[in-house]
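For reference, start_4.pdb (PDB, C-alpha atoms):
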ATOM      1  CA  MET K1325      -5.718 -18.989  16.866  1.00  0.00           C
ATOM      2  CA  THR K1326      -6.701 -16.485  14.140  1.00  0.00           C
ATOM      3  CA  ALA K1327      -4.845 -13.300  13.240  1.00  0.00           C
ATOM      4  CA  GLU K1328      -7.759 -11.356  14.730  1.00  0.00           C
ATOM      5  CA  ASP K1329      -7.339 -13.136  18.074  1.00  0.00           C
ATOM      6  CA  LEU K1330      -3.578 -12.708  18.021  1.00  0.00           C
ATOM      7  CA  ALA K1331      -3.935  -9.007  17.176  1.00  0.00           C
ATOM      8  CA  ARG K1332      -6.353  -8.419  20.058  1.00  0.00           C
ATOM      9  CA  ARG K1333      -4.057 -10.230  22.466  1.00  0.00           C
ATOM     10  CA  ALA K1334      -1.004  -8.392  21.138  1.00  0.00           C
ATOM     11  CA  ALA K1335      -2.817  -5.055  21.429  1.00  0.00           C
ATOM     12  CA  ALA K1336      -3.512  -5.913  25.077  1.00  0.00           C
ATOM     13  CA  GLY K1337       0.226  -6.388  25.646  1.00  0.00           C
ATOM     14  CA  ASP K1338       0.749 -10.126  25.079  1.00  0.00           C
ATOM     15  CA  ARG K1339       4.319 -10.267  23.693  1.00  0.00           C
ATOM     16  CA  ALA K1340       4.107 -13.935  22.680  1.00  0.00           C
ATOM     17  CA  ALA K1341       0.930 -13.211  20.672  1.00  0.00           C
ATOM     18  CA  LEU K1342       2.699 -10.307  18.933  1.00  0.00           C
ATOM     19  CA  ASP K1343       5.682 -12.501  18.012  1.00  0.00           C
ATOM     20  CA  ARG K1344       3.399 -15.191  16.607  1.00  0.00           C
ATOM     21  CA  LEU K1345       1.274 -12.611  14.769  1.00  0.00           C
ATOM     22  CA  LEU K1346       4.328 -11.057  13.096  1.00  0.00           C
ATOM     23  CA  ALA K1347       5.650 -14.468  12.034  1.00  0.00           C
ATOM     24  CA  GLU K1348       2.291 -15.479  10.555  1.00  0.00           C
ATOM     25  CA  LEU K1349       1.773 -12.125   8.805  1.00  0.00           C
ATOM     26  CA  ARG K1350       5.132 -11.901   7.058  1.00  0.00           C
ATOM     27  CA  PRO K1351       4.310 -13.879   3.861  1.00  0.00           C
ATOM     28  CA  GLU K1352       1.006 -12.046   3.374  1.00  0.00           C
ATOM     29  CA  VAL K1353       2.619  -8.666   4.038  1.00  0.00           C
ATOM     30  CA  VAL K1354       5.393  -9.355   1.494  1.00  0.00           C
ATOM     31  CA  ARG K1355       2.743 -10.393  -1.053  1.00  0.00           C
ATOM     32  CA  ARG K1356       0.678  -7.258  -0.410  1.00  0.00           C
ATOM     33  CA  CYS K1357       3.764  -5.053  -0.635  1.00  0.00           C
ATOM     34  CA  GLY K1358       4.553  -6.733  -3.943  1.00  0.00           C
ATOM     35  CA  ARG K1359       1.353  -5.269  -5.374  1.00  0.00           C
ATOM     36  CA  PHE K1360       2.853  -1.819  -4.907  1.00  0.00           C
ATOM     37  CA  LEU K1361       6.527  -2.614  -5.353  1.00  0.00           C
ATOM     38  CA  PRO K1362       7.060  -5.525  -7.762  1.00  0.00           C
ATOM     39  CA  CYS K1363      10.832  -5.537  -7.274  1.00  0.00           C
ATOM     40  CA  ARG K1364      11.204  -8.256  -4.629  1.00  0.00           C
ATOM     41  CA  GLU K1365      13.895  -6.427  -2.655  1.00  0.00           C
ATOM     42  CA  ASP K1366      11.789  -3.252  -2.445  1.00  0.00           C
ATOM     43  CA  ALA K1367       8.718  -5.247  -1.405  1.00  0.00           C
ATOM     44  CA  GLU K1368      10.693  -7.055   1.276  1.00  0.00           C
ATOM     45  CA  GLU K1369      12.086  -3.774   2.617  1.00  0.00           C
ATOM     46  CA  ALA K1370       8.583  -2.305   2.737  1.00  0.00           C
ATOM     47  CA  ALA K1371       7.318  -5.493   4.424  1.00  0.00           C
ATOM     48  CA  GLN K1372       9.953  -5.081   7.134  1.00  0.00           C
ATOM     49  CA  ASP K1373       8.739  -1.506   7.640  1.00  0.00           C
ATOM     50  CA  VAL K1374       5.150  -2.771   7.881  1.00  0.00           C
ATOM     51  CA  LEU K1375       6.021  -5.408  10.468  1.00  0.00           C
ATOM     52  CA  LEU K1376       7.985  -2.848  12.472  1.00  0.00           C
ATOM     53  CA  GLN K1377       5.013  -0.465  12.395  1.00  0.00           C
ATOM     54  CA  VAL K1378       2.676  -3.266  13.469  1.00  0.00           C
ATOM     55  CA  ALA K1379       4.982  -4.134  16.372  1.00  0.00           C
ATOM     56  CA  ARG K1380       5.308  -0.500  17.444  1.00  0.00           C
ATOM     57  CA  HIS K1381       1.668   0.471  17.048  1.00  0.00           C
ATOM     58  CA  ILE K1382      -0.340  -2.687  17.728  1.00  0.00           C
ATOM     59  CA  SER K1383      -1.692  -1.049  20.868  1.00  0.00           C
ATOM     60  CA  ALA K1384      -3.500   1.408  18.555  1.00  0.00           C
ATOM     61  CA  PHE K1385      -5.538  -1.476  17.124  1.00  0.00           C
ATOM     62  CA  GLU K1386      -8.825  -1.146  18.970  1.00  0.00           C
ATOM     63  CA  GLY K1387     -10.729  -3.938  17.265  1.00  0.00           C
ATOM     64  CA  ARG K1388     -13.457  -1.645  15.900  1.00  0.00           C
ATOM     65  CA  SER K1389     -12.700  -2.897  12.409  1.00  0.00           C
ATOM     66  CA  ARG K1390     -11.097  -6.115  11.268  1.00  0.00           C
ATOM     67  CA  PHE K1391      -7.389  -6.448  11.873  1.00  0.00           C
ATOM     68  CA  SER K1392      -6.808  -7.085   8.164  1.00  0.00           C
ATOM     69  CA  THR K1393      -8.305  -3.668   7.389  1.00  0.00           C
ATOM     70  CA  TRP K1394      -6.015  -2.002   9.915  1.00  0.00           C
ATOM     71  CA  LEU K1395      -3.050  -3.951   8.518  1.00  0.00           C
ATOM     72  CA  TYR K1396      -3.781  -2.995   4.892  1.00  0.00           C
ATOM     73  CA  THR K1397      -3.731   0.654   5.900  1.00  0.00           C
ATOM     74  CA  VAL K1398      -0.249   0.160   7.321  1.00  0.00           C
ATOM     75  CA  VAL K1399       0.827  -1.762   4.180  1.00  0.00           C
ATOM     76  CA  ALA K1400      -0.445   0.942   1.829  1.00  0.00           C
ATOM     77  CA  ASN K1401       1.172   3.740   3.821  1.00  0.00           C
ATOM     78  CA  CYS K1402       4.531   1.971   4.174  1.00  0.00           C
ATOM     79  CA  CYS K1403       4.678   1.042   0.487  1.00  0.00           C
ATOM     80  CA  ARG K1404       3.883   4.523  -0.654  1.00  0.00           C
ATOM     81  CA  GLN K1405       6.476   5.899   1.769  1.00  0.00           C
ATOM     82  CA  LYS K1406       9.071   3.402   0.497  1.00  0.00           C
ATOM     83  CA  TYR K1407       8.348   4.471  -3.077  1.00  0.00           C
ATOM     84  CA  ARG K1408       8.810   8.139  -2.183  1.00  0.00           C
ATOM     85  CA  GLU K1409      12.093   7.262  -0.480  1.00  0.00           C
ATOM     86  CA  LEU K1410      13.302   5.305  -3.530  1.00  0.00           C
ATOM     87  CA  LYS K1411      12.261   8.116  -5.840  1.00  0.00           C
ATOM     88  CA  ARG K1412      14.043  10.715  -3.686  1.00  0.00           C
ATOM     89  CA  ARG K1413      17.179   8.550  -3.495  1.00  0.00           C
ATOM     90  CA  ALA K1414      17.149   8.050  -7.275  1.00  0.00           C
ATOM     91  CA  ALA K1415      16.879  11.807  -7.837  1.00  0.00           C
ATOM     92  CA  GLU K1416      19.843  12.426  -5.533  1.00  0.00           C
ATOM     93  CA  GLN K1417      22.014   9.691  -7.094  1.00  0.00           C
ATOM     94  CA  PRO K1418      21.227   9.424 -10.792  1.00  0.00           C
ATOM     95  CA  VAL K1419      22.491   6.298 -12.511  1.00  0.00           C
ATOM     96  CA  LEU K1420      23.569   6.027 -16.147  1.00  0.00           C
ATOM     97  CA  ILE K1421      21.535   3.435 -18.021  1.00  0.00           C
ATOM     98  CA  GLU K1422      23.138   1.535 -20.855  1.00  0.00           C
ATOM     99  CA  PRO K1423      21.013   1.634 -24.045  1.00  0.00           C
ATOM    100  CA  ALA K1424      21.118  -2.178 -24.292  1.00  0.00           C
ATOM    101  CA  GLU K1425      19.341  -2.407 -20.935  1.00  0.00           C
ATOM    102  CA  HIS K1426      15.950  -1.233 -22.173  1.00  0.00           C
ATOM    103  CA  ILE K1427      13.269  -1.766 -19.557  1.00  0.00           C
ATOM    104  CA  ASP K1428       9.623  -0.808 -19.988  1.00  0.00           C
ATOM    105  CA  PRO K1429       9.243   2.484 -18.059  1.00  0.00           C
ATOM    106  CA  ARG K1430       5.517   1.924 -17.614  1.00  0.00           C
ATOM    107  CA  THR K1431       6.119  -0.970 -15.291  1.00  0.00           C
ATOM    108  CA  THR K1432       9.527  -0.573 -13.720  1.00  0.00           C
ATOM    109  CA  SER K1433      11.764   2.180 -12.486  1.00  0.00           C
ATOM    110  CA  VAL K1434      15.247   1.174 -13.569  1.00  0.00           C
ATOM    111  CA  ILE K1435      16.717   2.920 -10.564  1.00  0.00           C
ATOM    112  CA  ALA K1436      14.215   2.198  -7.840  1.00  0.00           C
ATOM    113  CA  GLY K1437      12.862  -1.087  -9.116  1.00  0.00           C
ATOM    114  CA  SER K1438       9.320   0.067  -8.374  1.00  0.00           C
ATOM    115  CA  ARG K1439       6.104   0.364 -10.338  1.00  0.00           C
ATOM    116  CA  ILE K1440       6.173   3.941 -11.429  1.00  0.00           C
ATOM    117  CA  ASP K1441       2.962   4.098 -13.403  1.00  0.00           C
ATOM    118  CA  LEU K1442       0.748   3.162 -10.476  1.00  0.00           C
ATOM    119  CA  LEU K1443       2.739   4.938  -7.783  1.00  0.00           C
ATOM    120  CA  GLU K1444       3.126   8.122  -9.812  1.00  0.00           C
ATOM    121  CA  ALA K1445      -0.610   8.074 -10.509  1.00  0.00           C
ATOM    122  CA  LEU K1446      -1.318   7.685  -6.782  1.00  0.00           C
ATOM    123  CA  ASP K1447       1.024  10.560  -5.961  1.00  0.00           C
ATOM    124  CA  ARG K1448      -0.672  12.752  -8.550  1.00  0.00           C
ATOM    125  CA  LEU K1449      -4.124  11.736  -7.320  1.00  0.00           C
ATOM    126  CA  GLU K1450      -3.074  12.574  -3.764  1.00  0.00           C
ATOM    127  CA  ARG K1451      -1.926  16.039  -4.844  1.00  0.00           C
ATOM    128  CA  GLU K1452      -5.003  16.798  -6.931  1.00  0.00           C
ATOM    129  CA  HIS K1453      -7.807  14.830  -5.204  1.00  0.00           C
ATOM    130  CA  PRO K1454      -6.594  13.530  -1.820  1.00  0.00           C
ATOM    131  CA  HIS K1455     -10.049  12.295  -0.783  1.00  0.00           C
ATOM    132  CA  LEU K1456      -9.974   9.743  -3.634  1.00  0.00           C
ATOM    133  CA  VAL K1457      -6.701   8.004  -2.721  1.00  0.00           C
ATOM    134  CA  ALA K1458      -7.792   5.858   0.229  1.00  0.00           C
ATOM    135  CA  PRO K1459     -10.859   4.384  -1.496  1.00  0.00           C
ATOM    136  CA  LEU K1460      -8.818   3.500  -4.583  1.00  0.00           C
ATOM    137  CA  VAL K1461      -5.928   1.981  -2.625  1.00  0.00           C
ATOM    138  CA  TYR K1462      -8.139  -0.048  -0.277  1.00  0.00           C
ATOM    139  CA  ARG K1463     -10.439  -1.400  -2.978  1.00  0.00           C
ATOM    140  CA  ASP K1464      -8.290  -1.813  -6.075  1.00  0.00           C
ATOM    141  CA  ILE K1465      -4.880  -2.534  -4.588  1.00  0.00           C
ATOM    142  CA  CYS K1466      -5.593  -4.056  -1.186  1.00  0.00           C
ATOM    143  CA  GLN K1467      -8.752  -5.657  -2.614  1.00  0.00           C
ATOM    144  CA  LEU K1468     -10.906  -5.065   0.444  1.00  0.00           C
ATOM    145  CA  GLU K1469     -14.654  -5.518   0.124  1.00  0.00           C
ATOM    146  CA  TYR K1470     -16.686  -2.383  -0.652  1.00  0.00           C
ATOM    147  CA  ALA K1471     -18.387  -2.395   2.763  1.00  0.00           C
ATOM    148  CA  GLU K1472     -15.063  -2.753   4.535  1.00  0.00           C
ATOM    149  CA  VAL K1473     -13.560   0.131   2.559  1.00  0.00           C
ATOM    150  CA  ALA K1474     -16.566   2.338   3.289  1.00  0.00           C
ATOM    151  CA  GLU K1475     -16.254   1.542   6.993  1.00  0.00           C
ATOM    152  CA  ARG K1476     -12.510   2.161   6.992  1.00  0.00           C
ATOM    153  CA  VAL K1477     -12.789   5.483   5.156  1.00  0.00           C
ATOM    154  CA  GLY K1478     -15.852   6.487   7.181  1.00  0.00           C
ATOM    155  CA  ILE K1479     -18.214   7.236   4.310  1.00  0.00           C
ATOM    156  CA  PRO K1480     -21.499   5.702   3.117  1.00  0.00           C
ATOM    157  CA  LEU K1481     -21.287   2.876   0.590  1.00  0.00           C
ATOM    158  CA  GLY K1482     -22.849   4.972  -2.197  1.00  0.00           C
ATOM    159  CA  THR K1483     -20.323   7.763  -1.624  1.00  0.00           C
ATOM    160  CA  LEU K1484     -17.510   5.219  -1.715  1.00  0.00           C
ATOM    161  CA  LYS K1485     -18.667   3.825  -5.044  1.00  0.00           C
ATOM    162  CA  SER K1486     -18.949   7.332  -6.471  1.00  0.00           C
ATOM    163  CA  ARG K1487     -15.426   8.214  -5.299  1.00  0.00           C
ATOM    164  CA  LEU K1488     -14.039   4.977  -6.714  1.00  0.00           C
ATOM    165  CA  HIS K1489     -15.636   5.701 -10.066  1.00  0.00           C
ATOM    166  CA  GLU K1490     -14.170   9.205 -10.086  1.00  0.00           C
ATOM    167  CA  ALA K1491     -10.713   7.991  -8.984  1.00  0.00           C
ATOM    168  CA  ARG K1492     -10.606   5.250 -11.619  1.00  0.00           C
ATOM    169  CA  LYS K1493     -11.717   7.690 -14.302  1.00  0.00           C
ATOM    170  CA  LEU K1494      -8.909  10.093 -13.347  1.00  0.00           C
ATOM    171  CA  VAL K1495      -6.176   7.480 -12.939  1.00  0.00           C
ATOM    172  CA  ARG K1496      -6.864   5.438 -16.078  1.00  0.00           C
ATOM    173  CA  PRO K1497      -5.410   7.973 -18.570  1.00  0.00           C
ATOM    174  CA  TRP K1498      -2.419   8.630 -16.317  1.00  0.00           C
ATOM    175  CA  LEU K1499      -1.521   4.953 -16.393  1.00  0.00           C
ATOM    176  CA  ARG K1500      -1.634   4.889 -20.172  1.00  0.00           C
ATOM    177  CA  GLY K1501       0.399   8.068 -20.448  1.00  0.00           C
ATOM    178  CA  TYR K1502       3.680   6.644 -19.160  1.00  0.00           C
TER
END

Take the structure in the file and write it out as structure tokens.
Amino acid sequence: MTAEDLARRAAAGDRAALDRLLAELRPEVVRRCGRFLPCREDAEEAAQDVLLQVARHISAFEGRSRFSTWLYTVVANCCRQKYRELKRRAAEQPVLIEPAEHIDPRTTSVIAGSRIDLLEALDRLEREHPHLVAPLVYRDICQLEYAEVAERVGIPLGTLKSRLHEARKLVRPWLRGY
């Protein structure tokens, strides 16, 4: 049985289908979370949050789009929320870093263990151009097809491509700047 079938059955209230769906999704969810949060522990925590959200809200899956599209939305939202939580926690409990422990700040937060260049750029993009975040996350991070992203965001394909171009143009210098 496919994930789509399991998701439809789980959304209709089939508990056994939900259990099987969650078990089958876990490795993929951890991998997807790892695209946002390369520190394995952070990715696994975010993956647990994703699976919990899927279990709690599977009834909201109506089958109008593919289940994978619905799932990637949950993954993106949970990972970004986890990053904000890690960032907030790090600000509240600063840690002294020994000079010998130099770690490239463009790729890793010493405290949170998260990609700060990408996540900071997404936070900034959300503050300055919120309509550009979803297209960029779905296409470039979740790697959904253009048509699927356009459907998910609810905009025509040409508009999607234009927004992606604009988002990439804005984000590129921010990634280099860290």

Would you write out, as a ChimeraX atom specification, every residue that the PyMOL selection byres ((chain K and resi 1379) around 12) captures in this file?
/K:1331,1334-1335,1337-1347,1349,1372-1378,1380-1385,1395,1398

Produce a file of the selected residues containing C-alpha atoms, as a JSON list (two decimals), keeping the file's coordinate frame.
[["chain", "number", "residue", "atom", "x", "y", "z"],
["K", 1331, "ALA", "CA", -3.94, -9.01, 17.18],
["K", 1334, "ALA", "CA", -1.00, -8.39, 21.14],
["K", 1335, "ALA", "CA", -2.82, -5.06, 21.43],
["K", 1337, "GLY", "CA", 0.23, -6.39, 25.65],
["K", 1338, "ASP", "CA", 0.75, -10.13, 25.08],
["K", 1339, "ARG", "CA", 4.32, -10.27, 23.69],
["K", 1340, "ALA", "CA", 4.11, -13.94, 22.68],
["K", 1341, "ALA", "CA", 0.93, -13.21, 20.67],
["K", 1342, "LEU", "CA", 2.70, -10.31, 18.93],
["K", 1343, "ASP", "CA", 5.68, -12.50, 18.01],
["K", 1344, "ARG", "CA", 3.40, -15.19, 16.61],
["K", 1345, "LEU", "CA", 1.27, -12.61, 14.77],
["K", 1346, "LEU", "CA", 4.33, -11.06, 13.10],
["K", 1347, "ALA", "CA", 5.65, -14.47, 12.03],
["K", 1349, "LEU", "CA", 1.77, -12.12, 8.80],
["K", 1372, "GLN", "CA", 9.95, -5.08, 7.13],
["K", 1373, "ASP", "CA", 8.74, -1.51, 7.64],
["K", 1374, "VAL", "CA", 5.15, -2.77, 7.88],
["K", 1375, "LEU", "CA", 6.02, -5.41, 10.47],
["K", 1376, "LEU", "CA", 7.98, -2.85, 12.47],
["K", 1377, "GLN", "CA", 5.01, -0.46, 12.40],
["K", 1378, "VAL", "CA", 2.68, -3.27, 13.47],
["K", 1380, "ARG", "CA", 5.31, -0.50, 17.44],
["K", 1381, "HIS", "CA", 1.67, 0.47, 17.05],
["K", 1382, "ILE", "CA", -0.34, -2.69, 17.73],
["K", 1383, "SER", "CA", -1.69, -1.05, 20.87],
["K", 1384, "ALA", "CA", -3.50, 1.41, 18.56],
["K", 1385, "PHE", "CA", -5.54, -1.48, 17.12],
["K", 1395, "LEU", "CA", -3.05, -3.95, 8.52],
["K", 1398, "VAL", "CA", -0.25, 0.16, 7.32]]

Using the chain letters and residue numbers of this document, give as a PyMOL selection string the residues selected by the PyMOL selection byres ((chain K and resi 1479-1491) around 12).
chain K and resi 1445-1446+1448-1450+1452-1464+1469-1478+1492-1498

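Proximity of K:Ala1336, K:Ala1414, K:Leu1361, K:Leu1499 to Gly1387 of chain K, computed with all atoms listed in the file, is greatest for K:Ala1336.
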
Listed atoms of segment 1350-1367 of chain K, axis-aligned box, 5 Å per side: centre and edge lengths to one decimal in Å, as AutoDock Vina command-line options?
--center_x 7.3 --center_y -7.8 --center_z -0.4 --size_x 23.2 --size_y 22.1 --size_z 24.8

For atom CA of Asp1366 of chain K and atom CA of Leu1410 of chain K, the interatomic separation in Å (one decimal)
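Atom CA of Leu1410 of chain K lies at a distance of 8.8 Å from atom CA of Asp1366 of chain K.
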
For the atom pair atom CA of Leu1468 of chain K and atom CA of Glu1444 of chain K, what is the interatomic distance in Å to one decimal place?
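Separating atom CA of Leu1468 of chain K from atom CA of Glu1444 of chain K is a distance of 21.8 Å.
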
Would you mind reading off the distance between atom CA of Gln1467 of chain K and atom CA of Arg1356 of chain K, one decimal, in Å?
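One can read the atom CA of Gln1467 of chain K to atom CA of Arg1356 of chain K distance as 9.8 Å.
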